[in-house]
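The data block below is my_file_15.cif; it holds mmCIF, C-alpha atoms and all ligand atoms.
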data_run
loop_
_atom_site.label_atom_id
_atom_site.label_comp_id
_atom_site.auth_asym_id
_atom_site.auth_seq_id
_atom_site.Cartn_x
_atom_site.Cartn_y
_atom_site.Cartn_z
CA MET A 5 100.17 39.62 -122.16
CA GLU A 6 101.02 43.22 -121.34
CA ILE A 7 100.41 45.82 -124.06
CA LYS A 8 102.42 48.99 -123.50
CA ASN A 9 101.99 52.59 -124.74
CA VAL A 10 98.27 52.22 -125.24
CA VAL A 11 96.36 55.48 -125.81
CA CYS A 12 93.46 56.11 -123.43
CA PRO A 13 90.29 56.79 -125.48
CA PHE A 14 88.43 58.91 -122.98
CA CYS A 15 89.32 62.59 -122.71
CA GLY A 16 91.20 65.08 -124.90
CA CYS A 17 94.49 64.37 -123.07
CA LEU A 18 94.75 61.02 -124.95
CA CYS A 19 97.37 59.78 -122.44
CA ASP A 20 99.64 57.48 -124.46
CA ASP A 21 101.52 55.71 -121.66
CA ILE A 22 98.82 53.24 -120.55
CA THR A 23 99.75 49.59 -120.01
CA VAL A 24 96.94 47.07 -120.42
CA LYS A 25 97.19 43.47 -119.19
CA VAL A 26 95.11 41.07 -121.28
CA GLU A 27 94.39 37.37 -120.68
CA ASP A 28 92.09 35.25 -122.87
CA ASN A 29 90.82 38.34 -124.68
CA GLU A 30 89.84 39.92 -121.34
CA ILE A 31 91.32 43.07 -119.82
CA LYS A 32 92.63 42.14 -116.38
CA ALA A 33 94.53 45.24 -115.31
CA VAL A 34 95.37 48.77 -116.41
CA LYS A 35 98.47 50.70 -115.29
CA ASN A 36 99.25 54.46 -115.39
CA GLY A 37 95.69 55.55 -116.21
CA CYS A 38 93.46 57.70 -114.00
CA GLY A 39 90.30 56.22 -112.43
CA ILE A 40 88.17 57.10 -115.46
CA CYS A 41 90.63 55.39 -117.81
CA ILE A 42 90.79 52.21 -115.71
CA THR A 43 86.99 52.04 -115.58
CA LYS A 44 86.71 52.65 -119.33
CA PHE A 45 89.04 49.73 -120.14
CA ILE A 46 87.99 47.25 -117.45
CA LYS A 47 84.23 47.85 -117.84
CA HIS A 48 84.13 48.33 -121.61
CA HIS A 49 81.82 45.33 -121.98
CA VAL A 50 79.32 46.39 -119.27
CA ASN A 51 75.89 47.31 -120.72
CA ALA A 52 77.16 46.40 -124.20
CA VAL A 53 74.70 45.82 -127.05
CA GLN A 54 74.78 42.07 -127.78
CA SER A 55 73.33 41.96 -131.29
CA PRO A 56 72.07 44.26 -134.06
CA MET A 57 68.40 44.85 -133.35
CA LEU A 58 65.41 46.74 -134.62
CA LYS A 59 61.81 47.63 -133.90
CA LYS A 60 59.26 46.75 -136.54
CA GLU A 61 57.20 49.85 -135.58
CA LYS A 62 58.41 53.02 -133.84
CA THR A 63 55.83 52.44 -131.10
CA ASP A 64 57.00 48.86 -130.37
CA GLU A 65 58.36 48.46 -126.85
CA ASN A 66 60.71 45.62 -127.60
CA PHE A 67 63.51 45.12 -130.06
CA VAL A 68 64.03 41.97 -132.09
CA ASN A 69 67.54 40.70 -132.69
CA VAL A 70 68.48 40.66 -136.39
CA SER A 71 71.55 39.96 -138.50
CA MET A 72 73.99 42.74 -139.39
CA ASP A 73 72.76 42.51 -143.02
CA GLU A 74 69.17 43.17 -141.94
CA ALA A 75 70.21 46.10 -139.73
CA ILE A 76 72.22 47.64 -142.59
CA GLU A 77 69.33 47.08 -145.03
CA LYS A 78 66.84 48.81 -142.69
CA THR A 79 69.26 51.69 -142.03
CA GLY A 80 69.82 52.16 -145.77
CA GLU A 81 66.06 52.24 -146.31
CA ILE A 82 65.53 54.89 -143.59
CA LEU A 83 68.35 57.12 -144.87
CA LYS A 84 67.29 56.77 -148.50
CA ASN A 85 63.65 57.67 -147.74
CA ALA A 86 64.53 60.65 -145.54
CA LYS A 87 64.23 64.12 -147.09
CA TYR A 88 66.42 65.78 -144.45
CA PRO A 89 68.53 63.25 -142.51
CA LEU A 90 70.83 64.25 -139.66
CA ILE A 91 74.11 62.47 -138.84
CA PHE A 92 75.32 63.35 -135.35
CA GLY A 93 77.99 62.38 -132.81
CA LEU A 94 81.41 60.96 -133.73
CA SER A 95 83.49 62.83 -131.13
CA THR A 96 84.34 59.52 -129.45
CA THR A 97 85.34 57.41 -132.40
CA GLU A 98 88.34 57.19 -134.72
CA CYS A 99 89.13 59.65 -137.53
CA GLU A 100 88.65 56.97 -140.20
CA ALA A 101 84.99 56.60 -139.16
CA GLN A 102 84.56 60.38 -139.04
CA GLY A 103 85.75 60.57 -142.65
CA LYS A 104 83.34 57.84 -143.76
CA ALA A 105 80.44 59.55 -141.93
CA LEU A 106 81.08 62.73 -143.93
CA GLU A 107 81.10 60.69 -147.16
CA LEU A 108 77.73 59.20 -146.14
CA ALA A 109 76.37 62.69 -145.37
CA GLU A 110 77.34 63.87 -148.84
CA LEU A 111 75.75 60.83 -150.44
CA THR A 112 72.46 61.21 -148.57
CA GLY A 113 72.25 65.04 -148.64
CA ALA A 114 72.36 65.03 -144.84
CA THR A 115 73.44 67.55 -142.24
CA ILE A 116 76.40 66.28 -140.23
CA ASP A 117 77.37 67.68 -136.87
CA GLN A 118 79.45 66.76 -133.88
CA LEU A 119 79.65 67.85 -130.26
CA PRO A 120 81.45 71.22 -130.62
CA SER A 121 78.11 72.75 -131.54
CA VAL A 122 77.25 72.27 -127.85
CA CYS A 123 80.72 72.72 -126.25
CA HIS A 124 83.79 74.11 -128.05
CA GLY A 125 82.08 75.33 -131.24
CA PRO A 126 82.65 78.95 -130.17
CA SER A 127 86.41 78.20 -129.86
CA ILE A 128 86.53 76.93 -133.44
CA MET A 129 84.49 79.88 -134.74
CA ALA A 130 86.81 82.32 -132.94
CA LEU A 131 89.83 80.48 -134.36
CA GLN A 132 88.39 80.88 -137.87
CA SER A 133 88.09 84.63 -137.41
CA VAL A 134 91.26 85.53 -135.49
CA GLY A 135 93.60 82.50 -135.74
CA GLN A 136 95.24 81.00 -132.65
CA ILE A 137 98.72 80.83 -131.12
CA THR A 138 98.91 77.31 -129.74
CA ALA A 139 101.50 75.01 -128.20
CA THR A 140 101.78 71.26 -127.81
CA LEU A 141 101.25 69.85 -124.33
CA GLY A 142 104.91 68.76 -124.39
CA GLU A 143 105.98 72.36 -124.95
CA VAL A 144 103.78 73.46 -122.03
CA LYS A 145 105.34 70.84 -119.76
CA ASN A 146 108.90 71.77 -120.70
CA ARG A 147 108.65 75.55 -120.90
CA ALA A 148 105.57 77.11 -119.25
CA ASP A 149 106.32 79.24 -116.18
CA MET A 150 102.81 80.70 -116.09
CA VAL A 151 99.64 78.68 -116.61
CA ILE A 152 96.13 80.18 -116.53
CA PHE A 153 93.11 77.87 -116.32
CA TRP A 154 90.10 79.94 -117.42
CA GLY A 155 86.65 78.39 -117.04
CA CYS A 156 88.02 74.86 -116.79
CA ASN A 157 88.75 72.37 -114.02
CA PRO A 158 91.27 69.83 -115.34
CA ILE A 159 91.85 68.14 -111.98
CA GLU A 160 88.33 66.72 -112.19
CA ALA A 161 87.55 66.81 -115.93
CA HIS A 162 90.96 65.80 -117.38
CA PRO A 163 92.47 64.05 -114.34
CA ARG A 164 96.08 63.65 -115.59
CA HIS A 165 96.42 66.99 -117.38
CA PHE A 166 97.65 68.86 -114.27
CA ASN A 167 100.17 66.19 -113.22
CA ARG A 168 101.35 65.22 -116.69
CA TYR A 169 101.51 68.51 -118.62
CA SER A 170 100.48 71.73 -116.93
CA GLY A 171 100.75 71.76 -113.14
CA THR A 172 102.96 69.65 -110.90
CA THR A 173 104.94 68.06 -113.74
CA ALA A 174 108.67 68.82 -114.13
CA GLY A 175 109.86 69.62 -117.65
CA MET A 176 113.29 70.56 -119.05
CA TRP A 177 113.12 74.24 -118.11
CA SER A 178 110.15 74.45 -115.77
CA ASP A 179 108.65 72.68 -112.79
CA ARG A 180 106.00 73.37 -110.12
CA ASN A 181 108.33 75.72 -108.20
CA LYS A 182 109.00 77.84 -111.28
CA ARG A 183 105.41 77.73 -112.56
CA TYR A 184 102.86 80.34 -111.42
CA ILE A 185 99.35 78.91 -111.76
CA VAL A 186 96.19 81.01 -111.86
CA THR A 187 92.59 79.80 -112.07
CA ILE A 188 89.84 82.17 -113.21
CA ASP A 189 86.40 80.73 -112.58
CA VAL A 190 83.00 81.44 -111.08
CA ARG A 191 83.59 78.99 -108.23
CA GLU A 192 86.55 77.63 -106.29
CA THR A 193 87.16 74.31 -108.03
CA HIS A 194 89.75 71.63 -107.14
CA THR A 195 92.04 73.18 -109.75
CA ALA A 196 91.58 76.61 -108.12
CA LYS A 197 92.60 75.12 -104.74
CA LYS A 198 95.84 73.75 -106.26
CA SER A 199 96.64 77.06 -107.98
CA ASP A 200 98.84 79.89 -106.67
CA LYS A 201 96.05 82.37 -107.27
CA PHE A 202 92.30 81.98 -107.65
CA ILE A 203 90.41 84.84 -109.28
CA LYS A 204 86.68 84.54 -108.73
CA ILE A 205 84.71 86.22 -111.51
CA SER A 206 80.97 86.94 -111.57
CA PRO A 207 79.06 84.55 -113.89
CA GLY A 208 78.92 85.71 -117.53
CA LYS A 209 81.57 88.44 -117.09
CA ASP A 210 84.47 86.77 -118.95
CA TYR A 211 84.24 89.15 -121.90
CA GLU A 212 84.40 92.19 -119.61
CA LEU A 213 87.47 90.88 -117.75
CA ILE A 214 89.26 89.95 -120.98
CA SER A 215 88.50 93.41 -122.43
CA ILE A 216 89.73 95.22 -119.30
CA ILE A 217 93.01 93.24 -119.33
CA ARG A 218 93.51 93.96 -123.05
CA ALA A 219 92.88 97.65 -122.54
CA ALA A 220 95.17 97.82 -119.48
CA ILE A 221 97.99 96.07 -121.36
CA LYS A 222 97.70 98.84 -123.96
CA GLY A 223 98.09 101.47 -121.24
CA GLN A 224 94.44 102.29 -120.48
CA LYS A 225 93.45 102.91 -116.84
CA ILE A 226 91.50 100.19 -115.03
CA PRO A 227 88.23 101.75 -113.74
CA ASP A 228 88.00 102.05 -109.93
CA ASN A 229 84.56 100.40 -109.89
CA VAL A 230 85.78 97.30 -111.77
CA GLU A 231 84.87 95.01 -108.86
CA GLU A 232 81.22 96.05 -109.08
CA MET A 233 81.26 95.25 -112.80
CA MET A 234 82.72 91.73 -112.69
CA GLY A 235 83.48 90.74 -109.11
CA VAL A 236 87.29 90.97 -109.53
CA ASN A 237 89.20 93.68 -107.67
CA LYS A 238 91.58 96.12 -109.32
CA ASP A 239 94.69 94.86 -107.48
CA ASP A 240 94.09 91.29 -108.67
CA ILE A 241 93.80 92.47 -112.28
CA GLU A 242 96.97 94.59 -112.01
CA ASN A 243 98.92 91.72 -110.42
CA LEU A 244 97.67 89.31 -113.09
CA ILE A 245 98.80 91.66 -115.87
CA ASN A 246 102.24 92.09 -114.25
CA LYS A 247 102.63 88.31 -113.94
CA MET A 248 101.57 87.85 -117.57
CA LYS A 249 104.02 90.43 -118.88
CA GLY A 250 106.79 89.08 -116.64
CA ALA A 251 106.36 85.42 -117.66
CA LYS A 252 108.98 83.82 -119.92
CA TYR A 253 106.44 81.40 -121.40
CA GLY A 254 102.75 81.62 -120.54
CA VAL A 255 99.80 79.51 -121.59
CA VAL A 256 96.03 79.91 -121.21
CA PHE A 257 93.86 76.78 -121.08
CA TYR A 258 90.18 77.57 -121.48
CA GLY A 259 87.09 75.42 -121.09
CA MET A 260 83.35 75.55 -121.42
CA GLY A 261 83.19 78.02 -118.52
CA MET A 262 84.45 80.50 -121.11
CA THR A 263 83.05 79.13 -124.39
CA GLN A 264 79.49 78.57 -123.15
CA SER A 265 79.17 81.58 -120.84
CA PHE A 266 77.49 84.81 -121.99
CA GLY A 267 79.40 86.10 -125.04
CA LYS A 268 80.36 82.63 -126.35
CA GLU A 269 82.72 82.97 -129.35
CA LEU A 270 83.32 86.64 -128.51
CA ASN A 271 84.90 85.51 -125.20
CA THR A 272 87.23 83.13 -127.04
CA ASP A 273 87.87 85.69 -129.76
CA GLY A 274 88.88 88.18 -127.03
CA ALA A 275 91.05 85.64 -125.17
CA ILE A 276 92.89 84.66 -128.38
CA SER A 277 93.42 88.35 -129.21
CA LEU A 278 94.73 88.95 -125.66
CA VAL A 279 97.26 86.16 -126.12
CA LYS A 280 98.32 87.61 -129.50
CA GLU A 281 98.85 90.99 -127.84
CA LEU A 282 100.83 89.43 -124.97
CA ASN A 283 103.25 88.13 -127.60
CA GLU A 284 104.41 91.72 -128.03
CA TRP A 285 105.83 91.37 -124.48
CA THR A 286 106.69 87.71 -124.09
CA LYS A 287 105.83 84.23 -125.39
CA PHE A 288 102.21 83.21 -124.68
CA SER A 289 99.91 80.57 -126.20
CA ILE A 290 96.29 79.47 -125.78
CA ASN A 291 94.74 75.99 -125.96
CA PRO A 292 91.17 74.69 -125.59
CA MET A 293 90.50 71.95 -123.01
CA LEU A 294 88.62 69.48 -125.21
CA GLY A 295 86.53 66.94 -123.33
CA HIS A 296 85.63 64.07 -125.67
CA TYR A 297 88.79 62.39 -126.87
CA ASN A 298 88.44 62.94 -130.62
CA VAL A 299 86.55 66.21 -131.04
CA ALA A 300 89.71 67.63 -132.61
CA GLY A 301 89.89 64.66 -135.03
CA ALA A 302 86.53 65.45 -136.63
CA VAL A 303 87.50 69.12 -136.89
CA HIS A 304 90.63 68.14 -138.83
CA VAL A 305 89.13 65.37 -140.98
CA TRP A 306 85.96 67.25 -141.95
CA GLY A 307 88.06 70.36 -142.51
CA TRP A 308 90.17 68.48 -145.11
CA GLN A 309 87.18 66.82 -146.76
CA SER A 310 84.61 69.62 -146.86
CA GLY A 311 86.43 72.76 -145.75
CA TYR A 312 84.31 73.00 -142.59
CA PRO A 313 84.74 71.63 -139.05
CA PHE A 314 81.13 70.93 -137.88
CA SER A 315 77.48 71.87 -138.62
CA ILE A 316 77.84 70.98 -142.34
CA ASN A 317 74.84 70.66 -144.62
CA PHE A 318 74.79 68.72 -147.93
CA SER A 319 71.15 69.20 -148.93
CA LEU A 320 72.20 71.19 -152.04
CA GLN A 321 74.86 68.53 -152.88
CA TYR A 322 77.73 70.77 -151.88
CA PRO A 323 78.91 71.58 -148.33
CA ARG A 324 77.44 74.59 -146.55
CA TYR A 325 78.48 75.66 -143.04
CA ASN A 326 76.36 77.66 -140.67
CA PRO A 327 76.46 76.91 -136.91
CA GLY A 328 73.01 77.55 -135.53
CA GLU A 329 71.16 76.87 -138.77
CA PHE A 330 72.93 73.51 -139.25
CA SER A 331 73.61 72.64 -135.60
CA ALA A 332 72.13 69.32 -134.53
CA THR A 333 70.51 70.78 -131.41
CA GLN A 334 68.66 73.49 -133.33
CA ILE A 335 67.71 71.21 -136.25
CA LEU A 336 66.16 68.79 -133.77
CA ALA A 337 64.53 71.49 -131.64
CA ARG A 338 63.00 73.04 -134.80
CA LYS A 339 61.81 69.54 -135.83
CA GLU A 340 63.43 69.90 -139.25
CA CYS A 341 65.12 66.52 -139.72
CA ASP A 342 63.02 63.47 -140.56
CA ALA A 343 65.58 60.77 -139.68
CA ALA A 344 68.75 60.64 -137.57
CA LEU A 345 71.86 58.48 -137.57
CA ILE A 346 73.54 58.76 -134.18
CA ILE A 347 77.11 57.48 -133.89
CA ALA A 348 79.12 57.20 -130.65
CA THR A 349 77.07 59.63 -128.59
CA ASP A 350 73.89 59.78 -126.52
CA PRO A 351 71.88 62.89 -127.44
CA VAL A 352 68.78 61.82 -125.50
CA ALA A 353 70.92 61.97 -122.34
CA HIS A 354 72.88 65.11 -123.21
CA LEU A 355 70.95 67.44 -125.51
CA PRO A 356 68.24 69.86 -124.34
CA ASN A 357 64.78 68.42 -123.88
CA GLU A 358 63.16 69.91 -127.03
CA ALA A 359 65.95 68.45 -129.17
CA ALA A 360 65.85 65.02 -127.52
CA ARG A 361 62.04 64.89 -127.77
CA HIS A 362 62.07 65.15 -131.58
CA LEU A 363 64.30 62.05 -131.75
CA ALA A 364 61.45 60.05 -130.21
CA GLU A 365 59.21 61.09 -133.13
CA ILE A 366 61.43 60.26 -136.14
CA PRO A 367 63.26 57.13 -137.34
CA VAL A 368 66.57 56.88 -135.46
CA ILE A 369 69.54 54.57 -136.00
CA THR A 370 72.14 54.28 -133.24
CA ILE A 371 75.63 52.88 -133.79
CA ASP A 372 77.21 52.41 -130.37
CA PRO A 373 78.96 49.65 -128.41
CA LYS A 374 76.79 50.42 -125.35
CA PHE A 375 73.05 50.46 -124.84
CA SER A 376 72.21 54.12 -124.24
CA LEU A 377 69.06 56.19 -123.69
CA THR A 378 69.20 57.07 -127.40
CA ALA A 379 69.41 53.36 -128.27
CA LEU A 380 66.23 52.85 -126.25
CA ILE A 381 64.17 55.15 -128.51
CA SER A 382 65.90 54.02 -131.74
CA ASP A 383 64.39 52.03 -134.59
CA VAL A 384 67.69 50.30 -135.34
CA VAL A 385 70.62 49.67 -132.98
CA ILE A 386 73.91 48.50 -134.45
CA PRO A 387 76.64 47.42 -132.01
CA CYS A 388 80.24 48.17 -132.94
CA ALA A 389 83.75 47.47 -131.69
CA THR A 390 84.83 50.15 -129.19
CA ALA A 391 87.41 52.44 -130.79
CA GLY A 392 90.72 52.40 -128.90
CA ILE A 393 89.90 49.13 -127.10
CA GLU A 394 88.45 46.72 -129.68
CA ALA A 395 89.32 48.66 -132.85
CA GLU A 396 92.37 50.66 -133.87
CA GLY A 397 92.36 54.04 -135.55
CA THR A 398 93.61 57.61 -135.31
CA ALA A 399 92.63 60.31 -132.82
CA TYR A 400 93.76 63.93 -132.35
CA ARG A 401 94.81 65.09 -128.89
CA MET A 402 93.43 68.43 -127.62
CA ASP A 403 96.60 70.18 -128.85
CA GLY A 404 96.18 68.80 -132.40
CA ILE A 405 98.72 65.95 -132.16
CA PRO A 406 97.50 62.77 -133.95
CA LEU A 407 97.99 59.52 -132.03
CA ARG A 408 97.29 55.91 -132.96
CA LEU A 409 94.61 54.13 -130.94
CA LYS A 410 95.39 50.45 -130.37
CA ARG A 411 93.19 47.39 -130.41
CA VAL A 412 93.84 45.49 -127.16
CA VAL A 413 91.03 42.91 -127.32
CA ARG A 414 89.03 41.41 -130.19
CA SER A 415 85.33 42.05 -130.77
CA GLU A 416 82.78 40.06 -132.75
CA PHE A 417 81.45 43.34 -134.17
CA LEU A 418 82.65 45.63 -136.95
CA SER A 419 84.33 48.97 -136.21
CA ASP A 420 82.40 52.24 -136.80
CA ARG A 421 84.43 52.73 -139.99
CA GLU A 422 83.51 49.28 -141.33
CA ILE A 423 79.81 49.76 -140.52
CA LEU A 424 79.79 53.14 -142.26
CA GLU A 425 81.56 51.64 -145.30
CA ARG A 426 78.81 49.02 -145.53
CA LEU A 427 76.16 51.73 -145.24
CA ILE A 428 77.80 53.72 -148.04
CA GLU A 429 77.75 50.62 -150.26
CA LYS A 430 74.11 50.00 -149.37
CA ILE A 431 73.05 53.59 -150.18
CA LYS A 432 74.93 53.43 -153.52
CA GLU A 433 73.17 50.13 -154.28
CA LYS A 434 69.78 51.71 -153.50
S1 LIG B 1 93.43 62.03 -118.17
FE1 LIG B 1 91.95 61.51 -119.77
S2 LIG B 1 93.15 60.48 -121.40
FE2 LIG B 1 94.44 60.56 -119.52
S3 LIG B 1 94.10 58.59 -118.55
FE3 LIG B 1 92.60 60.02 -117.62
S4 LIG B 1 90.74 59.85 -118.89
FE4 LIG B 1 92.41 58.90 -120.02
#
Translate this structure into structure tokens?
Amino acid sequence: MEIKNVVCPFCGCLCDDITVKVEDNEIKAVKNGCGICITKFIKHHVNAVQSPMLKKEKTDENFVNVSMDEAIEKTGEILKNAKYPLIFGLSTTECEAQGKALELAELTGATIDQLPSVCHGPSIMALQSVGQITATLGEVKNRADMVIFWGCNPIEAHPRHFNRYSGTTAGMWSDRNKRYIVTIDVRETHTAKKSDKFIKISPGKDYELISIIRAAIKGQKIPDNVEEMMGVNKDDIENLINKMKGAKYGVVFYGMGMTQSFGKELNTDGAISLVKELNEWTKFSINPMLGHYNVAGAVHVWGWQSGYPFSINFSLQYPRYNPGEFSATQILARKECDAALIIATDPVAHLPNEAARHLAEIPVITIDPKFSLTALISDVVIPCATAGIEAEGTAYRMDGIPLRLKRVVRSEFLSDREILERLIEKIKEK
């Protein structure tokens, strides 16, 4: 059986033209996807957790397999006994599970956080203070005659973005010949090599370059020693400004090279303001390059439910938002939380050492289809159906368009949403 128009649950592009060939509940072939997508579908069962399991003591080396009821009971007990639980992850699962996780956080007085606090959090904080002029990826494909990739490398990180939406693709009114592509980065990436112009900037100088461009657009003189300040020569800045003002429809895509470099949300704040100012000359928009496929989903869902997009604390029984104070990385590094529920992520592999180390000292529950480093140090591991392959649901593309994830094969396990619903029932019972 061939299932068409499947959405790829890997990166923020959420490509929705994937065809998956399934025989006897096994994925045999994948068409249209990039290499990462094909691997994600074909190897979804590799290193999968085979049964709910737990350790009787934190120091035990081995897990014992248990029933789902026992795993839920133990998880409920840990969350109920915790004074300051942390719920973290959820950027790679469906919106329905993200909503249930927030409900569980409210019920247990937990702090809930997702990955933006370590990647695109500064973009969201800048958006809250200055707004954002965005465009859908379809609009970019059809109209953009100038594309700027700032601190991102889609050819390697979002493999179909360049060919499908922003680079070589041909839209109704634009194509590669009409599109002028610029990459601004600290090194010459693959995307830079495919661009018409590569502007190499000194590390940590994004804010300075953005500020100089904004000032020059308003008629201020560019200082002669600008190259010493940020590694970019005056002619390149002047040409860039002329191209920006002369474009019919421009778009800036920015990545962690901008959001996590020195200046953080001030860089994004400046870039968004630059795009607003360019709209006095022509049409320009700005979009973040989101990595995990449903980061945007949690931002939307938690925004509706609590008013806040990430780093939300319920310890006073109402939602409070303060990135830094309520960011998972800092809460763990400061050793504040006394239990953690990790869903669809692997903080031991990805978070800084001090944060990961605290997880080894407190009760941890991991809900994940795969056995990860975090699962290894957990007290309870609950396997789930992989969202977008074994479970359906909703996800938001990087440009804020919601798409429906399909189930292409069956799983013996519950989805993240169903597991979280059972946990909510268990906590209410307790
Ligand atoms: S670009 Fe991203 S969403 Fe598209 S097929 Fe590749 S991994 Fe999947």
Name the closest residue to ligand LIG 1 (chain B) among the candidates A:Lys252, A:Arg147, A:Lys280, A:His165; distances are taken between atoms, counting all atoms listed in the file.
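Result for the nearest residue to ligand LIG 1 (chain B): A:His165.
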Smallest atom-to-atom distance to A:Val134: which of A:Cys388, A:Leu407, A:Val11, A:Leu278, using all atoms listed in the file?
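Selected residue with least distance to A:Val134: A:Leu278.
Within 9 Å of A:Asp149, once only C-alpha atoms are used and residues closer than 5 positions along the same chain are dropped, the contacting residues are Val144, Trp177, Ser178, Asp179, Arg180, Asn181, Lys182, Arg183, Tyr184, Ile185, Ala251, Lys252, Tyr253, Gly254 and Val255 of chain A.
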Could you give me, as a PyMOL selection string, the residues within 10 Å of A:Ile347, counting all atoms listed in the file and dropping anything in the same chain fewer than 3 positions from it?
chain A and resi 91-97+101-102+105+118+344+350-351+369-373+386+388+420+424
Throw together the list of residues within 7 Å of ligand LIG 1 (chain B), counting all atoms listed in the file, and drop it here as a list in words.
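Counting only what the definition allows, namely all atoms listed in the file, the set is Cys12, Pro13, Phe14, Cys15, Gly16, Cys17, Leu18, Cys19, Gly37, Cys38, Gly39, Ile40, Cys41, His162, Pro163, Arg164 and His165 of chain A.
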Straight-line distance linking atom CA of A:Glu281 with atom CA of A:Phe257, stated in Å to one decimal:
16.5 Å
Residue nearest A:Val236 among A:Asp189, A:Asp200, A:Glu81, A:Glu433 (counting all atoms listed in the file):
A:Asp189
Compute the distance from (57.2, 51.0, -135.0) to each atom, counting all atoms listed in the file, keep the residues with any atom at most 12 Å away, and return them as a compact mmCIF listing (two decimals) with C-alpha atoms, in the frame of the given file; use the coordinates of the file.
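Written out: out.txt:
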# COMPACT_ATOMS: atom_id res chain seq x y z
CA LEU A 58 65.41 46.74 -134.62
CA LYS A 59 61.81 47.63 -133.90
CA LYS A 60 59.26 46.75 -136.54
CA GLU A 61 57.20 49.85 -135.58
CA LYS A 62 58.41 53.02 -133.84
CA THR A 63 55.83 52.44 -131.10
CA ASP A 64 57.00 48.86 -130.37
CA GLU A 65 58.36 48.46 -126.85
CA ASN A 66 60.71 45.62 -127.60
CA PHE A 67 63.51 45.12 -130.06
CA VAL A 68 64.03 41.97 -132.09
CA ALA A 364 61.45 60.05 -130.21
CA GLU A 365 59.21 61.09 -133.13
CA ILE A 366 61.43 60.26 -136.14
CA PRO A 367 63.26 57.13 -137.34
CA VAL A 368 66.57 56.88 -135.46
CA ILE A 381 64.17 55.15 -128.51
CA SER A 382 65.90 54.02 -131.74
CA ASP A 383 64.39 52.03 -134.59
CA VAL A 384 67.69 50.30 -135.34
Can you tell me which residues surround A:Val279 at a distance of at most 9 Å, considering all atoms listed in the file, apart from same-chain residues fewer than 3 positions away, and format the answer as a PyMOL selection string?
chain A and resi 136-137+255-256+274-276+282-283+287-290
What lies within 12 Å of A:Leu355 using all atoms listed in the file, ignoring chain neighbours under 4 positions off, as a short mmCIF file (atom, residue, chain, number, x, y, z; two decimals) with C-alpha atoms, in the coordinates of the input?
data_model
loop_
_atom_site.label_atom_id
_atom_site.label_comp_id
_atom_site.auth_asym_id
_atom_site.auth_seq_id
_atom_site.Cartn_x
_atom_site.Cartn_y
_atom_site.Cartn_z
CA PHE A 92 75.32 63.35 -135.35
CA GLY A 93 77.99 62.38 -132.81
CA GLN A 118 79.45 66.76 -133.88
CA LEU A 119 79.65 67.85 -130.26
CA SER A 121 78.11 72.75 -131.54
CA VAL A 122 77.25 72.27 -127.85
CA CYS A 123 80.72 72.72 -126.25
CA SER A 331 73.61 72.64 -135.60
CA ALA A 332 72.13 69.32 -134.53
CA THR A 333 70.51 70.78 -131.41
CA GLN A 334 68.66 73.49 -133.33
CA ILE A 335 67.71 71.21 -136.25
CA LEU A 336 66.16 68.79 -133.77
CA ALA A 337 64.53 71.49 -131.64
CA THR A 349 77.07 59.63 -128.59
CA ASP A 350 73.89 59.78 -126.52
CA PRO A 351 71.88 62.89 -127.44
CA ALA A 359 65.95 68.45 -129.17
CA ALA A 360 65.85 65.02 -127.52
CA ARG A 361 62.04 64.89 -127.77
CA HIS A 362 62.07 65.15 -131.58
CA LEU A 363 64.30 62.05 -131.75
CA LEU A 377 69.06 56.19 -123.69
CA THR A 378 69.20 57.07 -127.40
#
So how far away is atom CA of A:Leu213 from atom CA of A:Gly155, in Å?
12.5 Å
Tell me, as number ranges by chain, which residues lie within 10 Å of A:Tyr169, counting only C-alpha atoms; anything in the same chain fewer than 3 positions away does not count.
A: 17, 140-146, 148, 164-166, 172-175
Separation of atom CA of A:Asn69 and atom CA of A:Ser415, in Å?
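A separation of 17.9 Å between them.
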Complete the atom set of stretch 266-270 of chain A to N, CA, C and O atoms and return it as a PDB file, in the frame of the given file.
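That gives us result01.pdb:
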ATOM      1  N   PHE A 266      78.036  83.698-121.210  1.00  0.00           N
ATOM      2  CA  PHE A 266      77.490  84.810-121.990  1.00  0.00           C
ATOM      3  C   PHE A 266      78.592  85.426-122.864  1.00  0.00           C
ATOM      4  O   PHE A 266      79.660  85.751-122.361  1.00  0.00           O
ATOM      5  N   GLY A 267      78.351  85.553-124.141  1.00  0.00           N
ATOM      6  CA  GLY A 267      79.400  86.100-125.040  1.00  0.00           C
ATOM      7  C   GLY A 267      79.947  85.053-125.979  1.00  0.00           C
ATOM      8  O   GLY A 267      80.431  85.359-127.058  1.00  0.00           O
ATOM      9  N   LYS A 268      79.925  83.769-125.539  1.00  0.00           N
ATOM     10  CA  LYS A 268      80.360  82.630-126.350  1.00  0.00           C
ATOM     11  C   LYS A 268      81.613  82.889-127.187  1.00  0.00           C
ATOM     12  O   LYS A 268      82.672  83.125-126.641  1.00  0.00           O
ATOM     13  N   GLU A 269      81.493  82.877-128.553  1.00  0.00           N
ATOM     14  CA  GLU A 269      82.720  82.970-129.350  1.00  0.00           C
ATOM     15  C   GLU A 269      83.419  84.319-129.186  1.00  0.00           C
ATOM     16  O   GLU A 269      84.615  84.442-129.443  1.00  0.00           O
ATOM     17  N   LEU A 270      82.664  85.346-128.725  1.00  0.00           N
ATOM     18  CA  LEU A 270      83.320  86.640-128.510  1.00  0.00           C
ATOM     19  C   LEU A 270      84.294  86.555-127.330  1.00  0.00           C
ATOM     20  O   LEU A 270      85.328  87.226-127.314  1.00  0.00           O
TER      21      LEU A 270
END
